[in-house]
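Student: I'm passing along coords36.cif; it holds mmCIF, C-alpha atoms.
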```
data_my_file
loop_
_atom_site.label_atom_id
_atom_site.label_comp_id
_atom_site.auth_asym_id
_atom_site.auth_seq_id
_atom_site.Cartn_x
_atom_site.Cartn_y
_atom_site.Cartn_z
CA MET Y 597 -11.08 -6.48 8.93
CA GLY Y 598 -11.80 -10.09 9.87
CA GLU Y 599 -15.49 -9.28 10.24
CA LEU Y 600 -15.47 -7.33 6.97
CA GLY Y 601 -13.88 -10.28 5.17
CA PHE Y 602 -16.32 -12.78 6.66
CA PHE Y 603 -19.53 -10.87 5.95
CA SER Y 604 -18.46 -9.57 2.53
CA ASN Y 605 -17.48 -13.09 1.48
CA ALA Y 606 -20.76 -14.49 2.81
CA PHE Y 607 -22.71 -11.86 0.83
CA PHE Y 608 -20.87 -11.86 -2.52
CA GLY Y 609 -20.02 -15.57 -2.35
CA PHE Y 610 -23.66 -16.49 -1.78
CA ILE Y 611 -24.74 -14.38 -4.77
CA LEU Y 612 -22.15 -15.98 -7.05
CA VAL Y 613 -22.95 -19.54 -5.92
CA TYR Y 614 -26.71 -18.96 -6.20
CA LEU Y 615 -26.51 -17.50 -9.70
CA THR Y 616 -24.04 -20.14 -10.87
CA LEU Y 617 -26.06 -23.11 -9.64
CA PHE Y 618 -29.63 -21.98 -10.26
CA HIS Y 619 -29.62 -19.43 -13.09
CA ILE Y 620 -26.75 -20.30 -15.42
CA LYS Y 621 -27.99 -23.27 -17.42
CA ARG Y 622 -25.53 -23.44 -20.30
CA GLN Y 623 -21.97 -22.97 -21.51
CA PHE Y 624 -20.23 -23.22 -18.12
CA GLY Y 625 -20.26 -27.04 -17.98
CA SER Y 626 -18.40 -28.56 -15.03
CA TYR Y 627 -16.48 -25.28 -14.63
CA LYS Y 628 -19.37 -24.04 -12.50
CA TYR Y 629 -18.47 -26.62 -9.83
CA LEU Y 630 -14.92 -25.28 -9.69
CA LEU Y 631 -16.33 -21.79 -9.13
CA VAL Y 632 -18.58 -23.07 -6.35
CA ASN Y 633 -15.72 -25.03 -4.75
CA PHE Y 634 -13.51 -21.95 -4.79
CA GLN Y 635 -16.18 -19.91 -3.02
CA LEU Y 636 -16.74 -22.59 -0.38
CA VAL Y 637 -13.02 -22.85 0.39
CA GLY Y 638 -12.78 -19.06 0.42
CA PHE Y 639 -15.70 -18.85 2.85
CA CYS Y 640 -14.01 -21.36 5.17
CA PHE Y 641 -10.82 -19.30 4.91
CA ALA Y 642 -12.62 -16.08 5.93
CA SER Y 643 -14.58 -17.94 8.64
CA CYS Y 644 -11.37 -19.17 10.31
CA GLU Y 645 -10.03 -15.63 10.47
CA TYR Y 646 -13.35 -14.45 11.92
CA LEU Y 647 -13.35 -17.19 14.59
CA PHE Y 648 -9.70 -17.31 15.59
CA HIS Y 649 -8.57 -13.67 15.15
CA THR Y 650 -5.01 -14.53 14.21
CA PHE Y 651 -2.15 -12.03 14.14
CA LEU Y 652 1.30 -11.80 12.58
CA HIS Y 653 4.23 -10.01 14.19
CA LEU Y 654 7.78 -9.55 12.89
CA TYR Y 655 10.40 -9.40 15.60
CA ASN Y 656 14.10 -9.34 14.70
CA ALA Y 657 14.89 -12.74 13.17
CA SER Y 658 11.42 -14.16 13.79
CA LEU Y 659 7.88 -14.20 12.43
CA ILE Y 660 5.26 -14.82 15.10
CA TYR Y 661 1.81 -16.18 14.21
CA PHE Y 662 -0.58 -16.20 17.15
CA SER Y 663 -4.07 -15.63 18.52
CA LEU Y 664 -5.23 -13.75 21.60
CA SER Y 665 -8.45 -15.74 21.97
CA HIS Y 666 -9.51 -19.29 22.80
CA PRO Y 667 -12.91 -19.76 21.07
CA LEU Y 668 -15.00 -22.68 22.32
CA GLY Y 669 -12.52 -23.13 25.17
CA PHE Y 670 -9.85 -24.61 22.88
CA SER Y 671 -6.49 -25.37 24.49
CA ASN Y 672 -3.30 -23.77 23.19
CA LEU Y 673 -2.37 -26.94 21.27
CA THR Y 674 -5.80 -27.20 19.62
CA MET Y 675 -5.72 -23.54 18.68
CA GLU Y 676 -2.26 -23.87 17.17
CA TRP Y 677 -3.45 -26.71 14.93
CA MET Y 678 -6.60 -24.79 14.00
CA MET Y 679 -4.37 -21.88 13.01
CA ALA Y 680 -2.32 -24.30 10.90
CA VAL Y 681 -5.54 -25.50 9.20
CA TYR Y 682 -6.37 -21.87 8.43
CA THR Y 683 -3.06 -21.50 6.57
CA GLY Y 684 -3.81 -24.76 4.74
CA LEU Y 685 -6.99 -23.21 3.35
CA TYR Y 686 -4.80 -20.47 1.89
CA SER Y 687 -2.86 -23.18 0.06
CA SER Y 688 -6.09 -24.78 -1.19
CA THR Y 689 -7.20 -21.49 -2.78
CA ILE Y 690 -3.96 -21.32 -4.77
CA CYS Y 691 -4.44 -24.96 -5.83
CA LEU Y 692 -7.96 -24.21 -7.03
CA LEU Y 693 -6.63 -21.39 -9.22
CA ALA Y 694 -4.17 -23.88 -10.72
CA ILE Y 695 -7.02 -26.34 -11.35
CA GLN Y 696 -9.08 -23.62 -13.02
CA SER Y 697 -6.10 -22.84 -15.26
CA ILE Y 698 -5.88 -26.51 -16.31
CA TYR Y 699 -9.61 -26.56 -17.08
CA ARG Y 700 -9.49 -23.41 -19.21
CA TYR Y 701 -6.42 -24.73 -21.07
CA TRP Y 702 -8.06 -28.08 -21.83
CA ALA Y 703 -11.33 -26.36 -22.79
CA LEU Y 704 -9.42 -24.62 -25.59
CA PHE Y 705 -6.73 -27.07 -26.67
CA ASP Y 706 -7.69 -30.57 -25.50
CA THR Y 707 -11.47 -30.76 -25.08
CA PRO Y 708 -11.70 -34.58 -24.65
CA LYS Y 709 -9.74 -34.30 -21.39
CA LEU Y 710 -12.58 -32.28 -19.85
CA GLU Y 711 -14.19 -35.61 -19.06
CA TYR Y 712 -11.78 -35.70 -16.10
CA PHE Y 713 -13.85 -32.91 -14.57
CA ASN Y 714 -17.12 -34.86 -14.80
CA GLY Y 715 -18.68 -37.51 -12.58
CA ILE Y 716 -16.42 -39.50 -10.29
CA TYR Y 717 -13.32 -38.00 -11.94
CA TYR Y 718 -14.12 -34.64 -10.36
CA PHE Y 719 -13.02 -36.00 -6.99
CA ILE Y 720 -9.47 -36.20 -8.38
CA TRP Y 721 -9.38 -32.40 -8.19
CA VAL Y 722 -11.05 -32.31 -4.78
CA GLY Y 723 -8.33 -34.69 -3.60
CA TYR Y 724 -5.67 -32.50 -5.26
CA TYR Y 725 -6.44 -29.29 -3.41
CA THR Y 726 -7.27 -31.19 -0.21
CA PHE Y 727 -3.90 -32.99 -0.30
CA PHE Y 728 -1.89 -29.79 -0.65
CA GLY Y 729 -4.04 -28.03 1.94
CA ILE Y 730 -3.39 -30.81 4.46
CA LEU Y 731 0.32 -30.93 3.57
CA TRP Y 732 0.61 -27.17 4.13
CA SER Y 733 -1.26 -27.41 7.45
CA LEU Y 734 0.97 -30.23 8.70
CA THR Y 735 4.06 -28.30 7.60
CA VAL Y 736 3.02 -25.20 9.56
CA GLY Y 737 1.76 -27.14 12.60
CA TYR Y 738 4.90 -29.29 12.90
CA PHE Y 739 7.84 -27.21 11.68
CA PHE Y 740 6.71 -23.96 13.35
CA ALA Y 741 5.67 -25.39 16.72
CA MET Y 742 7.09 -23.69 19.80
CA ASP Y 743 10.06 -25.10 21.69
CA GLU Y 744 12.13 -23.95 24.68
CA PHE Y 745 14.36 -21.68 22.56
CA SER Y 746 11.28 -20.05 20.98
CA MET Y 747 9.71 -19.36 24.37
CA GLU Y 748 12.90 -17.79 25.68
CA TYR Y 749 13.38 -15.73 22.50
CA LEU Y 750 9.82 -14.41 22.27
CA SER Y 751 8.47 -14.24 25.85
CA LYS Y 752 9.58 -10.64 26.55
CA GLU Y 753 8.28 -9.38 23.19
CA ILE Y 754 4.83 -10.96 23.67
CA SER Y 755 4.63 -9.62 27.20
CA LEU Y 756 5.76 -6.11 26.16
CA ARG Y 757 3.65 -5.69 23.01
CA TYR Y 758 0.51 -7.64 23.90
CA GLU Y 759 0.63 -7.93 27.71
CA ARG Y 760 0.26 -11.70 27.54
CA ASN Y 761 2.11 -14.58 29.11
CA ILE Y 762 3.61 -16.66 26.30
CA THR Y 763 2.59 -19.91 27.99
CA ASP Y 764 -1.09 -18.87 27.82
CA THR Y 765 -0.97 -17.81 24.16
CA PRO Y 766 -1.32 -20.14 21.14
CA ILE Y 767 1.73 -19.34 19.02
CA LEU Y 768 3.45 -20.70 15.95
CA ASP Y 769 6.78 -19.14 15.10
CA LEU Y 770 9.50 -19.02 12.50
CA ILE Y 771 12.91 -18.10 13.95
CA ALA Y 772 15.60 -17.92 11.30
CA TYR Y 773 18.70 -18.42 13.46
CA GLN Y 774 19.78 -20.10 16.66
CA GLY Y 775 23.19 -18.77 17.56
CA ASN Y 776 25.29 -18.63 14.39
CA ASP Y 777 23.42 -21.38 12.59
CA PHE Y 778 20.09 -21.67 10.78
CA ARG Y 779 17.10 -23.06 12.62
CA TRP Y 780 16.89 -25.96 10.20
CA LYS Y 781 13.45 -27.07 11.34
CA ASN Y 782 11.96 -23.66 10.60
CA LEU Y 783 13.92 -23.29 7.36
CA THR Y 784 12.65 -26.68 6.15
CA GLY Y 785 9.06 -25.58 6.80
CA ALA Y 786 9.59 -22.34 4.89
CA LEU Y 787 11.11 -24.19 1.92
CA MET Y 788 8.25 -26.73 1.84
CA MET Y 789 5.67 -23.93 1.67
CA THR Y 790 7.71 -22.25 -1.06
CA ASP Y 791 7.84 -25.49 -3.06
CA ILE Y 792 4.07 -26.04 -2.82
CA SER Y 793 3.31 -22.50 -3.93
CA THR Y 794 5.92 -22.55 -6.71
CA PHE Y 795 4.44 -25.78 -8.08
CA GLN Y 796 0.94 -24.25 -8.27
CA TYR Y 797 2.18 -21.03 -9.84
CA THR Y 798 4.19 -22.98 -12.41
CA ILE Y 799 0.97 -24.67 -13.56
CA ILE Y 800 -0.84 -21.32 -13.67
CA ILE Y 801 1.95 -19.59 -15.63
CA VAL Y 802 2.47 -22.42 -18.14
CA CYS Y 803 -1.27 -22.76 -18.85
CA GLY Y 804 -1.74 -18.99 -19.00
CA TYR Y 805 1.22 -18.49 -21.35
CA ASN Y 806 0.05 -21.21 -23.75
CA MET Y 807 -3.53 -19.91 -23.68
CA TYR Y 808 -2.39 -16.37 -24.40
CA HIS Y 809 -0.28 -17.34 -27.40
CA GLY Y 810 -2.59 -19.97 -28.88
CA MET Y 811 -5.97 -18.50 -28.07
CA GLN Y 812 -6.53 -16.53 -31.28
CA THR Y 813 -6.11 -19.55 -33.55
CA LYS Y 814 -8.38 -21.77 -31.47
CA LEU Y 815 -11.06 -19.15 -30.91
CA SER Y 816 -11.34 -18.53 -34.65
CA LEU Y 817 -12.84 -22.03 -34.95
CA LEU Y 818 -15.59 -21.34 -32.39
CA SER Y 819 -18.89 -19.47 -32.60
CA ALA Y 820 -19.00 -15.80 -31.63
CA GLN Y 821 -20.80 -16.61 -28.39
CA HIS Y 822 -18.20 -19.18 -27.31
CA ARG Y 823 -15.33 -16.88 -28.33
CA ARG Y 824 -16.72 -14.15 -26.12
CA LEU Y 825 -17.21 -16.50 -23.18
CA HIS Y 826 -13.68 -17.97 -23.41
CA ARG Y 827 -12.18 -14.48 -23.54
CA GLN Y 828 -14.19 -13.41 -20.51
CA PHE Y 829 -13.14 -16.47 -18.53
CA PHE Y 830 -9.50 -15.92 -19.49
CA ARG Y 831 -9.70 -12.28 -18.41
CA ALA Y 832 -11.37 -13.24 -15.12
CA LEU Y 833 -8.81 -15.98 -14.43
CA THR Y 834 -5.92 -13.61 -15.14
CA ILE Y 835 -7.25 -11.06 -12.64
CA GLN Y 836 -8.02 -13.86 -10.17
CA VAL Y 837 -4.36 -14.90 -10.32
CA VAL Y 838 -2.88 -11.39 -10.22
CA SER Y 839 -5.00 -10.18 -7.28
CA PRO Y 840 -4.05 -12.98 -4.82
CA THR Y 841 -0.43 -12.66 -5.95
CA ILE Y 842 -0.53 -9.04 -4.78
CA ILE Y 843 -2.81 -9.52 -1.76
CA LEU Y 844 -1.73 -12.98 -0.56
CA PHE Y 845 1.32 -14.54 -2.17
CA CYS Y 846 3.82 -11.65 -2.13
CA PRO Y 847 3.00 -10.42 1.41
CA VAL Y 848 3.10 -13.96 2.84
CA PHE Y 849 6.49 -14.81 1.40
CA PHE Y 850 7.88 -11.38 2.14
CA MET Y 851 7.05 -11.95 5.81
CA ILE Y 852 8.33 -15.54 5.78
CA TYR Y 853 11.77 -14.57 4.46
CA VAL Y 854 12.26 -11.18 6.15
CA PRO Y 855 13.45 -12.88 9.39
CA PHE Y 856 16.45 -14.29 7.48
CA ALA Y 857 17.65 -10.70 7.03
CA ASP Y 858 18.01 -10.60 10.84
CA LEU Y 859 16.90 -6.98 11.14
CA GLU Y 860 16.41 -5.32 14.50
CA MET Y 861 12.72 -4.48 14.46
CA SER Y 862 9.36 -5.07 16.08
CA PHE Y 863 6.52 -4.70 13.62
CA PRO Y 864 2.91 -5.89 13.92
CA SER Y 865 1.99 -7.19 10.46
CA CYS Y 866 -1.77 -7.17 10.99
CA ILE Y 867 -2.12 -4.40 8.39
CA ILE Y 868 -0.68 -6.73 5.74
CA GLN Y 869 -2.63 -9.71 7.03
CA SER Y 870 -5.94 -7.84 6.88
CA GLY Y 871 -5.85 -8.06 3.09
CA PHE Y 872 -6.09 -11.85 3.32
CA THR Y 873 -9.64 -11.83 4.66
CA VAL Y 874 -11.19 -9.74 1.88
CA TYR Y 875 -9.68 -11.73 -0.99
CA PRO Y 876 -12.42 -14.41 -1.32
CA ALA Y 877 -15.09 -11.70 -1.61
CA LEU Y 878 -12.94 -9.83 -4.13
CA ASP Y 879 -12.70 -13.00 -6.22
CA SER Y 880 -16.51 -13.25 -6.38
CA VAL Y 881 -16.79 -9.65 -7.54
CA ILE Y 882 -14.08 -10.21 -10.20
CA MET Y 883 -15.94 -13.18 -11.69
CA MET Y 884 -19.31 -11.41 -11.74
CA CYS Y 885 -17.81 -8.29 -13.32
CA CYS Y 886 -15.78 -10.07 -16.01
CA VAL Y 887 -18.33 -12.63 -17.22
CA SER Y 888 -21.27 -10.95 -18.97
CA GLU Y 889 -23.59 -13.90 -18.29
CA TYR Y 890 -23.85 -12.74 -14.67
CA PHE Y 891 -24.75 -9.21 -15.77
CA ARG Y 892 -27.44 -10.64 -18.05
CA ILE Y 893 -28.93 -12.60 -15.15
CA PHE Y 894 -28.80 -9.58 -12.83
CA LYS Y 895 -30.60 -7.52 -15.46
CA LYS Y 896 -33.23 -10.22 -15.98
CA LEU Y 897 -33.89 -10.57 -12.25
CA PHE Y 898 -34.05 -6.79 -11.79
CA VAL Y 899 -36.57 -6.40 -14.64
CA SER Y 900 -38.72 -9.25 -13.32
CA MET Y 901 -38.78 -7.62 -9.86
CA LYS Y 902 -39.89 -4.27 -11.31
CA GLN Y 903 -42.43 -5.75 -13.71
CA PRO Y 904 -46.01 -5.73 -12.33
CA LYS Y 905 -47.48 -9.13 -11.57
CA SER Y 906 -50.25 -8.73 -14.19
CA SER Y 907 -47.64 -8.08 -16.87
CA GLN Y 908 -45.72 -11.16 -15.75
CA ASP Y 909 -48.90 -13.24 -15.99
CA ASP Y 910 -49.60 -11.90 -19.50
CA SER Y 911 -46.04 -12.68 -20.57
CA GLU Y 912 -46.33 -16.19 -19.20
CA LYS Y 913 -49.62 -16.75 -21.06
CA LYS Y 914 -48.07 -15.54 -24.32
CA ARG Y 915 -45.11 -17.86 -23.81
CA ILE Y 916 -47.42 -20.83 -23.21
CA GLN Y 917 -49.50 -19.98 -26.28
CA MET Y 918 -46.39 -19.84 -28.42
CA VAL Y 919 -45.41 -23.31 -27.21
CA ASN Y 920 -48.97 -24.72 -27.55
CA PRO Y 921 -51.18 -22.65 -29.89
CA LYS Y 922 -54.27 -24.73 -28.98
CA ILE Y 923 -54.41 -23.14 -25.51
#
```
Write out the structure in this file as structure tokens.
Tutor:
Amino acid sequence: MGELGFFSNAFFGFILVYLTLFHIKRQFGSYKYLLVNFQLVGFCFASCEYLFHTFLHLYNASLIYFSLSHPLGFSNLTMEWMMAVYTGLYSSTICLLAIQSIYRYWALFDTPKLEYFNGIYYFIWVGYYTFFGILWSLTVGYFFAMDEFSMEYLSKEISLRYERNITDTPILDLIAYQGNDFRWKNLTGALMMTDISTFQYTIIIVCGYNMYHGMQTKLSLLSAQHRRLHRQFFRALTIQVVSPTIILFCPVFFMIYVPFADLEMSFPSCIIQSGFTVYPALDSVIMMCCVSEYFRIFKKLFVSMKQPKSSQDDSEKKRIQMVNPKI
């Protein structure tokens, strides 16, 4: 699944970025750079999974996040921080969806503010999703680092299920309880991740709600072409939010909070995790299917490939003659 996610994202992401940058010349404005940024972050997200082959495992009151490989000869500590960076990229994708929601809202209701997406101001948004990505990575790397209690609690399970010595395996873990009390360090990490995600989803929901209820009035003032494009972007953004909620957000937080139920179980969660890797490619497909401009470009490129060269030359001559009748 990691390989499927990596190669599918490379394929569909490249198509979307190529068409957005080199074939769409109008209407998108600075929104095209948000689309490109999202694909680049998504590609990094899929690449980390492809390189590090991470796994999730639920065991009683714990969630174990680990890797069975050491690419490039990385030590356990380096691998653990690389795994934390991988989770930070997940946070950055959610932040980028929130940023896209702000853009679409301003594009309809407060157009002058779109200047904050142009020129040097654009780096405000790069800093925004980078900040929360780093904060999430530091949260995971620090609050879920192994300690002596973790090693004692998990060593038999890792040895039994994966035939590995826990000291030779890069692991981050969330253990809900230590004795009769919470593991406050792990609980703090879980709450910080929840707060970051809740903040992004609040932005998405507020912008989406206001767009839904005020869109008809605003769109009535625009041309038919712009009305169609805004509706298509709104539809695409809605699906882009719903799909990661189902594929990423709900499974992640289900697994984070299941340990607090303190159930007696041992369950490899790789089946759930496998959905993470295909999401960036799915996002590319959603955008290309919802926005008709991409279909128009595909059709144009397909026709030009089928058209004989002589016909293309004749068409080009006619176009030049229309521009300059003296030729």
Student: Applying the PyMOL selection byres ((chain Y and resi 753) around 12) to the file I just gave you, which residues come out? Please list them as an NGL selection string.
Tutor: :Y and (653-656 or 658-660 or 746-752 or 754-762 or 861-864)
Student: Compile the contact shell of range 633-643 of chain Y as a PyMOL selection string: residues with an atom at most 10 Å away, counting only C-alpha atoms, same-chain residues fewer than 4 positions apart removed.
Tutor: chain Y and resi 598-606+608-610+612-613+627-629+647-649+681-686+688-693+696+722+725+872-877+879-880
Student: For C-alpha atoms, I'd like the residues from the last selection saved as a short mmCIF file (atom, residue, chain, number, x, y, z; two decimals), keeping the file's coordinate frame.
Tutor:
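Okay, this is what ended up in selection.cif:
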```cif
data_model
loop_
_atom_site.label_atom_id
_atom_site.label_comp_id
_atom_site.auth_asym_id
_atom_site.auth_seq_id
_atom_site.Cartn_x
_atom_site.Cartn_y
_atom_site.Cartn_z
CA GLY Y 598 -11.80 -10.09 9.87
CA GLU Y 599 -15.49 -9.28 10.24
CA LEU Y 600 -15.47 -7.33 6.97
CA GLY Y 601 -13.88 -10.28 5.17
CA PHE Y 602 -16.32 -12.78 6.66
CA PHE Y 603 -19.53 -10.87 5.95
CA SER Y 604 -18.46 -9.57 2.53
CA ASN Y 605 -17.48 -13.09 1.48
CA ALA Y 606 -20.76 -14.49 2.81
CA PHE Y 608 -20.87 -11.86 -2.52
CA GLY Y 609 -20.02 -15.57 -2.35
CA PHE Y 610 -23.66 -16.49 -1.78
CA LEU Y 612 -22.15 -15.98 -7.05
CA VAL Y 613 -22.95 -19.54 -5.92
CA TYR Y 627 -16.48 -25.28 -14.63
CA LYS Y 628 -19.37 -24.04 -12.50
CA TYR Y 629 -18.47 -26.62 -9.83
CA LEU Y 647 -13.35 -17.19 14.59
CA PHE Y 648 -9.70 -17.31 15.59
CA HIS Y 649 -8.57 -13.67 15.15
CA VAL Y 681 -5.54 -25.50 9.20
CA TYR Y 682 -6.37 -21.87 8.43
CA THR Y 683 -3.06 -21.50 6.57
CA GLY Y 684 -3.81 -24.76 4.74
CA LEU Y 685 -6.99 -23.21 3.35
CA TYR Y 686 -4.80 -20.47 1.89
CA SER Y 688 -6.09 -24.78 -1.19
CA THR Y 689 -7.20 -21.49 -2.78
CA ILE Y 690 -3.96 -21.32 -4.77
CA CYS Y 691 -4.44 -24.96 -5.83
CA LEU Y 692 -7.96 -24.21 -7.03
CA LEU Y 693 -6.63 -21.39 -9.22
CA GLN Y 696 -9.08 -23.62 -13.02
CA VAL Y 722 -11.05 -32.31 -4.78
CA TYR Y 725 -6.44 -29.29 -3.41
CA PHE Y 872 -6.09 -11.85 3.32
CA THR Y 873 -9.64 -11.83 4.66
CA VAL Y 874 -11.19 -9.74 1.88
CA TYR Y 875 -9.68 -11.73 -0.99
CA PRO Y 876 -12.42 -14.41 -1.32
CA ALA Y 877 -15.09 -11.70 -1.61
CA ASP Y 879 -12.70 -13.00 -6.22
CA SER Y 880 -16.51 -13.25 -6.38
#
```
Student: Would you pick out the contacts of Tyr718 in chain Y at 9 Å or less, using all atoms listed in the file, so that residues sharing its chain but fewer than 6 positions from it are not included, and give the list as a compact mmCIF listing (two decimals) with C-alpha atoms, keeping the file's coordinate frame?
Tutor:
```txt
# COMPACT_ATOMS: atom_id res chain seq x y z
CA SER Y 626 -18.40 -28.56 -15.03
CA GLU Y 711 -14.19 -35.61 -19.06
CA TYR Y 712 -11.78 -35.70 -16.10
```
Student: Translate the PyMOL selection byres ((chain Y and resi 728) around 9) into a concrete residue list for this structure, as a PyMOL selection string.
Tutor: chain Y and resi 684+687-688+691+723-727+729-733+792
Student: Measuring between only C-alpha atoms, which one of Y:Phe618, Y:Phe829, Y:Phe891, Y:Phe745 shows the shortest distance to Met807 in chain Y?
Tutor: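 Between Y:Phe618, Y:Phe829, Y:Phe891, Y:Phe745, the residue approaching Met807 in chain Y most closely is Y:Phe829.
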Student: Please compute the CA of Met678 in chain Y-CA of Val848 in chain Y distance, one decimal, in Å.
Tutor: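 Interatomic distance, CA of Met678 in chain Y to CA of Val848 in chain Y: 18.3 Å.
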Student: What residues come out when you apply the PyMOL selection byres ((chain Y and resi 661-665) around 6) to this file, written as a PyMOL selection string?
Tutor: chain Y and resi 649-652+660+666+766-769
Student: Box in all listed atoms of range 672-680 of chain Y, axis-aligned, with 3 Å more on each side; write out centre and edge lengths in Å to one decimal as JSON.
Tutor:
```
{"center_x": -4.4, "center_y": -24.5, "center_z": 17.0, "size_x": 10.3, "size_y": 11.3, "size_z": 18.3}
```
Student: Just how far from CA of Leu878 in chain Y is CA of Phe898 in chain Y, in Å to one decimal?
Tutor: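 Separation of CA of Phe898 in chain Y and CA of Leu878 in chain Y: 22.7 Å.
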Student: What does the distance from CA of Ala741 in chain Y to CA of Met675 in chain Y come to in Å, to one decimal?
Tutor: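 So the two atoms, CA of Ala741 in chain Y and CA of Met675 in chain Y, lie 11.7 Å apart.
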Student: Counting all atoms listed in the file, which residue out of Y:Met883, Y:Ala772, Y:Val837, Y:Leu673 sits closest to Gly804 in chain Y?
Tutor: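 Distance minimum relative to Gly804 in chain Y lands on Y:Val837.
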Student: Would you pick out the contacts of Ile799 in chain Y at 10 Å or less, using all atoms listed in the file, so that residues sharing its chain but fewer than 2 positions from it are not included, and give the list as a list in words?
Tutor: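 Surrounding residues, per the criterion: Cys691, Leu693, Ala694, Ile695, Ser697, Ile698, Thr794, Phe795, Gln796, Tyr797, Ile801, Val802, Cys803, Gly804 and Tyr805 of chain Y.
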Student: My list of candidates is Y:Ile720, Y:Ile852, Y:Leu833, Y:Ile800. Which is closest to Gly785 in chain Y when distances are computed with only C-alpha atoms?
Tutor: Y:Ile852
Student: Some atoms are missing, so please complete range 785-802 of chain Y with N, CA and C atoms and return it as a PDB file, keeping the file's coordinate frame.
Tutor:
```pdb
ATOM      1  N   GLY Y 785      10.472 -25.930   6.950  1.00  0.00           N
ATOM      2  CA  GLY Y 785       9.060 -25.580   6.800  1.00  0.00           C
ATOM      3  C   GLY Y 785       8.856 -24.479   5.784  1.00  0.00           C
ATOM      4  N   ALA Y 786       9.701 -23.448   5.830  1.00  0.00           N
ATOM      5  CA  ALA Y 786       9.590 -22.340   4.890  1.00  0.00           C
ATOM      6  C   ALA Y 786       9.825 -22.811   3.454  1.00  0.00           C
ATOM      7  N   LEU Y 787      10.810 -23.690   3.259  1.00  0.00           N
ATOM      8  CA  LEU Y 787      11.110 -24.190   1.920  1.00  0.00           C
ATOM      9  C   LEU Y 787       9.994 -25.091   1.396  1.00  0.00           C
ATOM     10  N   MET Y 788       9.369 -25.886   2.272  1.00  0.00           N
ATOM     11  CA  MET Y 788       8.250 -26.730   1.840  1.00  0.00           C
ATOM     12  C   MET Y 788       7.076 -25.890   1.365  1.00  0.00           C
ATOM     13  N   MET Y 789       6.757 -24.818   2.104  1.00  0.00           N
ATOM     14  CA  MET Y 789       5.670 -23.930   1.670  1.00  0.00           C
ATOM     15  C   MET Y 789       6.006 -23.258   0.351  1.00  0.00           C
ATOM     16  N   THR Y 790       7.273 -22.879   0.191  1.00  0.00           N
ATOM     17  CA  THR Y 790       7.710 -22.250  -1.060  1.00  0.00           C
ATOM     18  C   THR Y 790       7.561 -23.223  -2.226  1.00  0.00           C
ATOM     19  N   ASP Y 791       7.943 -24.480  -2.002  1.00  0.00           N
ATOM     20  CA  ASP Y 791       7.840 -25.490  -3.060  1.00  0.00           C
ATOM     21  C   ASP Y 791       6.389 -25.722  -3.483  1.00  0.00           C
ATOM     22  N   ILE Y 792       5.489 -25.821  -2.505  1.00  0.00           N
ATOM     23  CA  ILE Y 792       4.070 -26.040  -2.820  1.00  0.00           C
ATOM     24  C   ILE Y 792       3.531 -24.885  -3.653  1.00  0.00           C
ATOM     25  N   SER Y 793       3.813 -23.671  -3.218  1.00  0.00           N
ATOM     26  CA  SER Y 793       3.310 -22.500  -3.930  1.00  0.00           C
ATOM     27  C   SER Y 793       3.932 -22.375  -5.318  1.00  0.00           C
ATOM     28  N   THR Y 794       5.235 -22.646  -5.414  1.00  0.00           N
ATOM     29  CA  THR Y 794       5.920 -22.550  -6.710  1.00  0.00           C
ATOM     30  C   THR Y 794       5.346 -23.559  -7.701  1.00  0.00           C
ATOM     31  N   PHE Y 795       5.022 -24.761  -7.220  1.00  0.00           N
ATOM     32  CA  PHE Y 795       4.440 -25.780  -8.080  1.00  0.00           C
ATOM     33  C   PHE Y 795       3.098 -25.314  -8.653  1.00  0.00           C
ATOM     34  N   GLN Y 796       2.247 -24.724  -7.804  1.00  0.00           N
ATOM     35  CA  GLN Y 796       0.940 -24.250  -8.270  1.00  0.00           C
ATOM     36  C   GLN Y 796       1.102 -23.093  -9.254  1.00  0.00           C
ATOM     37  N   TYR Y 797       2.005 -22.181  -8.961  1.00  0.00           N
ATOM     38  CA  TYR Y 797       2.180 -21.030  -9.840  1.00  0.00           C
ATOM     39  C   TYR Y 797       2.827 -21.435 -11.166  1.00  0.00           C
ATOM     40  N   THR Y 798       3.626 -22.485 -11.155  1.00  0.00           N
ATOM     41  CA  THR Y 798       4.190 -22.980 -12.410  1.00  0.00           C
ATOM     42  C   THR Y 798       3.078 -23.472 -13.334  1.00  0.00           C
ATOM     43  N   ILE Y 799       2.122 -24.211 -12.771  1.00  0.00           N
ATOM     44  CA  ILE Y 799       0.970 -24.670 -13.560  1.00  0.00           C
ATOM     45  C   ILE Y 799       0.194 -23.484 -14.110  1.00  0.00           C
ATOM     46  N   ILE Y 800      -0.073 -22.496 -13.256  1.00  0.00           N
ATOM     47  CA  ILE Y 800      -0.840 -21.320 -13.670  1.00  0.00           C
ATOM     48  C   ILE Y 800      -0.125 -20.569 -14.796  1.00  0.00           C
ATOM     49  N   ILE Y 801       1.190 -20.368 -14.653  1.00  0.00           N
ATOM     50  CA  ILE Y 801       1.950 -19.590 -15.630  1.00  0.00           C
ATOM     51  C   ILE Y 801       2.054 -20.329 -16.966  1.00  0.00           C
ATOM     52  N   VAL Y 802       2.338 -21.640 -16.916  1.00  0.00           N
ATOM     53  CA  VAL Y 802       2.470 -22.420 -18.140  1.00  0.00           C
ATOM     54  C   VAL Y 802       1.148 -22.445 -18.911  1.00  0.00           C
TER      55      VAL Y 802
END
```
